[in-house]
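Inspection log for the structure reproduced underneath, given as structure tokens.
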Amino acid sequence: MLGVFQEVMKMLIDNAVGNLVTFDLMFEWIRTALKSSVQQSIEIAEKNLDDQLSIRVLKCLFLVKYVREFKATVRNVSILLLSEFEIDQTLQRIEIKKALSNLVSVKKP
């Protein structure tokens, strides 16, 4: 996991000071280690969803799926997707609720 974090940090080296690494960015570095069904679900979402936040939320949820202690609340997901300290967290939670509704309403092909 440290190697994954290091690769994500290298990718974001040019970002402004004060920006945070969001949890969904780690997905790209462990994608190939995941079960093919998980990879396929994400790939389908990436091809069929126009909403990037929904895709980010989905990636985040897949990463924490097997962590029993993690409760997948809107607040907890929004913390994992927090990209900067100055963001309006209330607005972000509203957007995440919309993204979750979007994911629930999507029909599988």
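Following the order of the structure tokens, chains are lettered A, B, ..., residues in each are numbered from 1, and ligands are numbered from 1.
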Which residues are close to A:Asn102, i.e. within 12 Å by only C-alpha atoms, leaving aside same-chain residues fewer than 4 positions away? Reply as a JSON list (two decimals) with N, CA, C and O atoms, in the first residue's frame.
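Wrote it out as selection-v4.json, contents follow:
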```
[["chain", "number", "residue", "atom", "x", "y", "z"],
["A", 45, "ALA", "N", -18.70, 1.26, -15.68],
["A", 45, "ALA", "CA", -19.09, 2.58, -15.17],
["A", 45, "ALA", "C", -18.34, 3.69, -15.90],
["A", 45, "ALA", "O", -18.93, 4.71, -16.28],
["A", 48, "ASN", "N", -19.91, 4.16, -19.33],
["A", 48, "ASN", "CA", -21.33, 4.50, -19.44],
["A", 48, "ASN", "C", -21.81, 5.67, -18.60],
["A", 48, "ASN", "O", -22.93, 6.14, -18.80],
["A", 49, "LEU", "N", -20.98, 6.14, -17.68],
["A", 49, "LEU", "CA", -21.40, 7.26, -16.84],
["A", 49, "LEU", "C", -20.71, 8.54, -17.28],
["A", 49, "LEU", "O", -19.51, 8.56, -17.54],
["A", 50, "ASP", "N", -21.48, 9.61, -17.36],
["A", 50, "ASP", "CA", -20.92, 10.91, -17.69],
["A", 50, "ASP", "C", -20.45, 11.65, -16.43],
["A", 50, "ASP", "O", -19.69, 12.58, -16.52],
["A", 51, "ASP", "N", -20.94, 11.22, -15.30],
["A", 51, "ASP", "CA", -20.65, 11.89, -14.02],
["A", 51, "ASP", "C", -19.37, 11.35, -13.41],
["A", 51, "ASP", "O", -19.33, 10.23, -12.91],
["A", 52, "GLN", "N", -18.31, 12.15, -13.45],
["A", 52, "GLN", "CA", -17.01, 11.71, -12.92],
["A", 52, "GLN", "C", -17.05, 11.47, -11.41],
["A", 52, "GLN", "O", -16.36, 10.59, -10.91],
["A", 53, "LEU", "N", -17.85, 12.24, -10.70],
["A", 53, "LEU", "CA", -17.94, 12.04, -9.25],
["A", 53, "LEU", "C", -18.53, 10.67, -8.94],
["A", 53, "LEU", "O", -18.07, 9.99, -8.02],
["A", 54, "SER", "N", -19.51, 10.23, -9.70],
["A", 54, "SER", "CA", -20.08, 8.90, -9.49],
["A", 54, "SER", "C", -19.02, 7.82, -9.66],
["A", 54, "SER", "O", -18.96, 6.87, -8.88],
["A", 55, "ILE", "N", -18.18, 7.97, -10.65],
["A", 55, "ILE", "CA", -17.10, 7.00, -10.88],
["A", 55, "ILE", "C", -16.11, 7.03, -9.73],
["A", 55, "ILE", "O", -15.68, 5.99, -9.25],
["A", 57, "VAL", "N", -16.71, 7.93, -6.63],
["A", 57, "VAL", "CA", -17.37, 7.33, -5.46],
["A", 57, "VAL", "C", -17.36, 5.81, -5.58],
["A", 57, "VAL", "O", -17.06, 5.10, -4.62],
["A", 58, "LEU", "N", -17.64, 5.30, -6.77],
["A", 58, "LEU", "CA", -17.64, 3.86, -6.99],
["A", 58, "LEU", "C", -16.27, 3.25, -6.71],
["A", 58, "LEU", "O", -16.15, 2.23, -6.03],
["A", 95, "GLU", "N", -23.39, 16.63, -3.25],
["A", 95, "GLU", "CA", -22.97, 16.09, -4.54],
["A", 95, "GLU", "C", -22.72, 14.58, -4.46],
["A", 95, "GLU", "O", -23.04, 13.84, -5.39],
["A", 96, "ILE", "N", -22.18, 14.12, -3.36],
["A", 96, "ILE", "CA", -21.94, 12.68, -3.19],
["A", 96, "ILE", "C", -23.26, 11.93, -3.07],
["A", 96, "ILE", "O", -23.40, 10.84, -3.61],
["A", 97, "LYS", "N", -24.23, 12.51, -2.39],
["A", 97, "LYS", "CA", -25.57, 11.89, -2.32],
["A", 97, "LYS", "C", -26.15, 11.74, -3.72],
["A", 97, "LYS", "O", -26.73, 10.71, -4.06],
["A", 98, "LYS", "N", -26.00, 12.77, -4.54],
["A", 98, "LYS", "CA", -26.49, 12.70, -5.93],
["A", 98, "LYS", "C", -25.74, 11.61, -6.70],
["A", 98, "LYS", "O", -26.36, 10.86, -7.46],
["A", 106, "VAL", "N", -28.49, 3.37, -12.06],
["A", 106, "VAL", "CA", -27.91, 2.86, -13.31],
["A", 106, "VAL", "C", -28.25, 1.38, -13.46],
["A", 106, "VAL", "O", -28.08, 0.59, -12.54],
["A", 107, "LYS", "N", -28.74, 1.04, -14.63],
["A", 107, "LYS", "CA", -29.07, -0.36, -14.91],
["A", 107, "LYS", "C", -27.85, -1.04, -15.52],
["A", 107, "LYS", "O", -27.17, -0.46, -16.36]]
```
A:Asp24 surroundings by only C-alpha atoms, 10 Å radius, close-in-sequence under 6 positions cut, as a list in words: Ile55, Arg56, Val57, Leu58, Lys59, Cys60, Leu61, Phe62, Leu63, Leu80 and Leu81 of chain A
Same residues, N, CA and C atoms, output as a PDB file, in the first residue's frame:
```
ATOM      1  N   ILE A  55     -18.180   7.974 -10.652  1.00  0.00           N
ATOM      2  CA  ILE A  55     -17.102   7.004 -10.883  1.00  0.00           C
ATOM      3  C   ILE A  55     -16.106   7.033  -9.734  1.00  0.00           C
ATOM      4  N   ARG A  56     -15.774   8.223  -9.266  1.00  0.00           N
ATOM      5  CA  ARG A  56     -14.842   8.351  -8.129  1.00  0.00           C
ATOM      6  C   ARG A  56     -15.423   7.703  -6.878  1.00  0.00           C
ATOM      7  N   VAL A  57     -16.714   7.927  -6.627  1.00  0.00           N
ATOM      8  CA  VAL A  57     -17.375   7.327  -5.463  1.00  0.00           C
ATOM      9  C   VAL A  57     -17.361   5.811  -5.584  1.00  0.00           C
ATOM     10  N   LEU A  58     -17.643   5.303  -6.768  1.00  0.00           N
ATOM     11  CA  LEU A  58     -17.644   3.858  -6.988  1.00  0.00           C
ATOM     12  C   LEU A  58     -16.268   3.254  -6.714  1.00  0.00           C
ATOM     13  N   LYS A  59     -15.227   3.887  -7.214  1.00  0.00           N
ATOM     14  CA  LYS A  59     -13.863   3.401  -6.968  1.00  0.00           C
ATOM     15  C   LYS A  59     -13.549   3.388  -5.480  1.00  0.00           C
ATOM     16  N   CYS A  60     -13.925   4.437  -4.818  1.00  0.00           N
ATOM     17  CA  CYS A  60     -13.695   4.538  -3.374  1.00  0.00           C
ATOM     18  C   CYS A  60     -14.425   3.423  -2.624  1.00  0.00           C
ATOM     19  N   LEU A  61     -15.673   3.192  -2.992  1.00  0.00           N
ATOM     20  CA  LEU A  61     -16.458   2.145  -2.324  1.00  0.00           C
ATOM     21  C   LEU A  61     -15.877   0.758  -2.563  1.00  0.00           C
ATOM     22  N   PHE A  62     -15.373   0.507  -3.749  1.00  0.00           N
ATOM     23  CA  PHE A  62     -14.737  -0.786  -4.015  1.00  0.00           C
ATOM     24  C   PHE A  62     -13.480  -0.975  -3.174  1.00  0.00           C
ATOM     25  N   LEU A  63     -12.737   0.101  -2.950  1.00  0.00           N
ATOM     26  CA  LEU A  63     -11.511   0.005  -2.161  1.00  0.00           C
ATOM     27  C   LEU A  63     -11.772  -0.294  -0.685  1.00  0.00           C
ATOM     28  N   LEU A  80     -13.043  10.631   2.447  1.00  0.00           N
ATOM     29  CA  LEU A  80     -12.075   9.935   1.586  1.00  0.00           C
ATOM     30  C   LEU A  80     -11.867  10.650   0.256  1.00  0.00           C
ATOM     31  N   LEU A  81     -12.844  11.439  -0.157  1.00  0.00           N
ATOM     32  CA  LEU A  81     -12.754  12.153  -1.435  1.00  0.00           C
ATOM     33  C   LEU A  81     -12.418  13.631  -1.254  1.00  0.00           C
TER      34      LEU A  81
END
```
Per-residue DSSP, stretch 57-91 of chain A, filtered to helix (DSSP H, G or I), as a PyMOL selection string: chain A and resi 57-64+74-80+89-91
Emit the selected residues as an mmCIF file, in the first residue's frame, including C-alpha atoms.
```
data_model
loop_
_atom_site.group_PDB
_atom_site.id
_atom_site.type_symbol
_atom_site.label_atom_id
_atom_site.label_comp_id
_atom_site.auth_asym_id
_atom_site.auth_seq_id
_atom_site.Cartn_x
_atom_site.Cartn_y
_atom_site.Cartn_z
ATOM 1 C CA VAL A 57 -17.375 7.327 -5.463
ATOM 2 C CA LEU A 58 -17.644 3.858 -6.988
ATOM 3 C CA LYS A 59 -13.863 3.401 -6.968
ATOM 4 C CA CYS A 60 -13.695 4.538 -3.374
ATOM 5 C CA LEU A 61 -16.458 2.145 -2.324
ATOM 6 C CA PHE A 62 -14.737 -0.786 -4.015
ATOM 7 C CA LEU A 63 -11.511 0.005 -2.161
ATOM 8 C CA VAL A 64 -13.203 -0.073 1.245
ATOM 9 C CA VAL A 74 -22.007 9.876 2.911
ATOM 10 C CA ARG A 75 -19.855 11.686 5.486
ATOM 11 C CA ASN A 76 -17.160 8.978 5.485
ATOM 12 C CA VAL A 77 -17.065 8.749 1.694
ATOM 13 C CA SER A 78 -16.836 12.529 1.457
ATOM 14 C CA ILE A 79 -13.825 12.494 3.800
ATOM 15 C CA LEU A 80 -12.075 9.935 1.586
ATOM 16 C CA GLN A 89 -17.994 19.947 2.785
ATOM 17 C CA THR A 90 -21.751 20.447 2.997
ATOM 18 C CA LEU A 91 -21.938 20.994 -0.761
#
```
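Atom pair atom CA of A:Tyr66 / atom CA of A:Asp88: separated by 29.0 Å.
Interatomic distance, atom CA of A:Ile94 to atom CA of A:Gln39: 27.2 Å.
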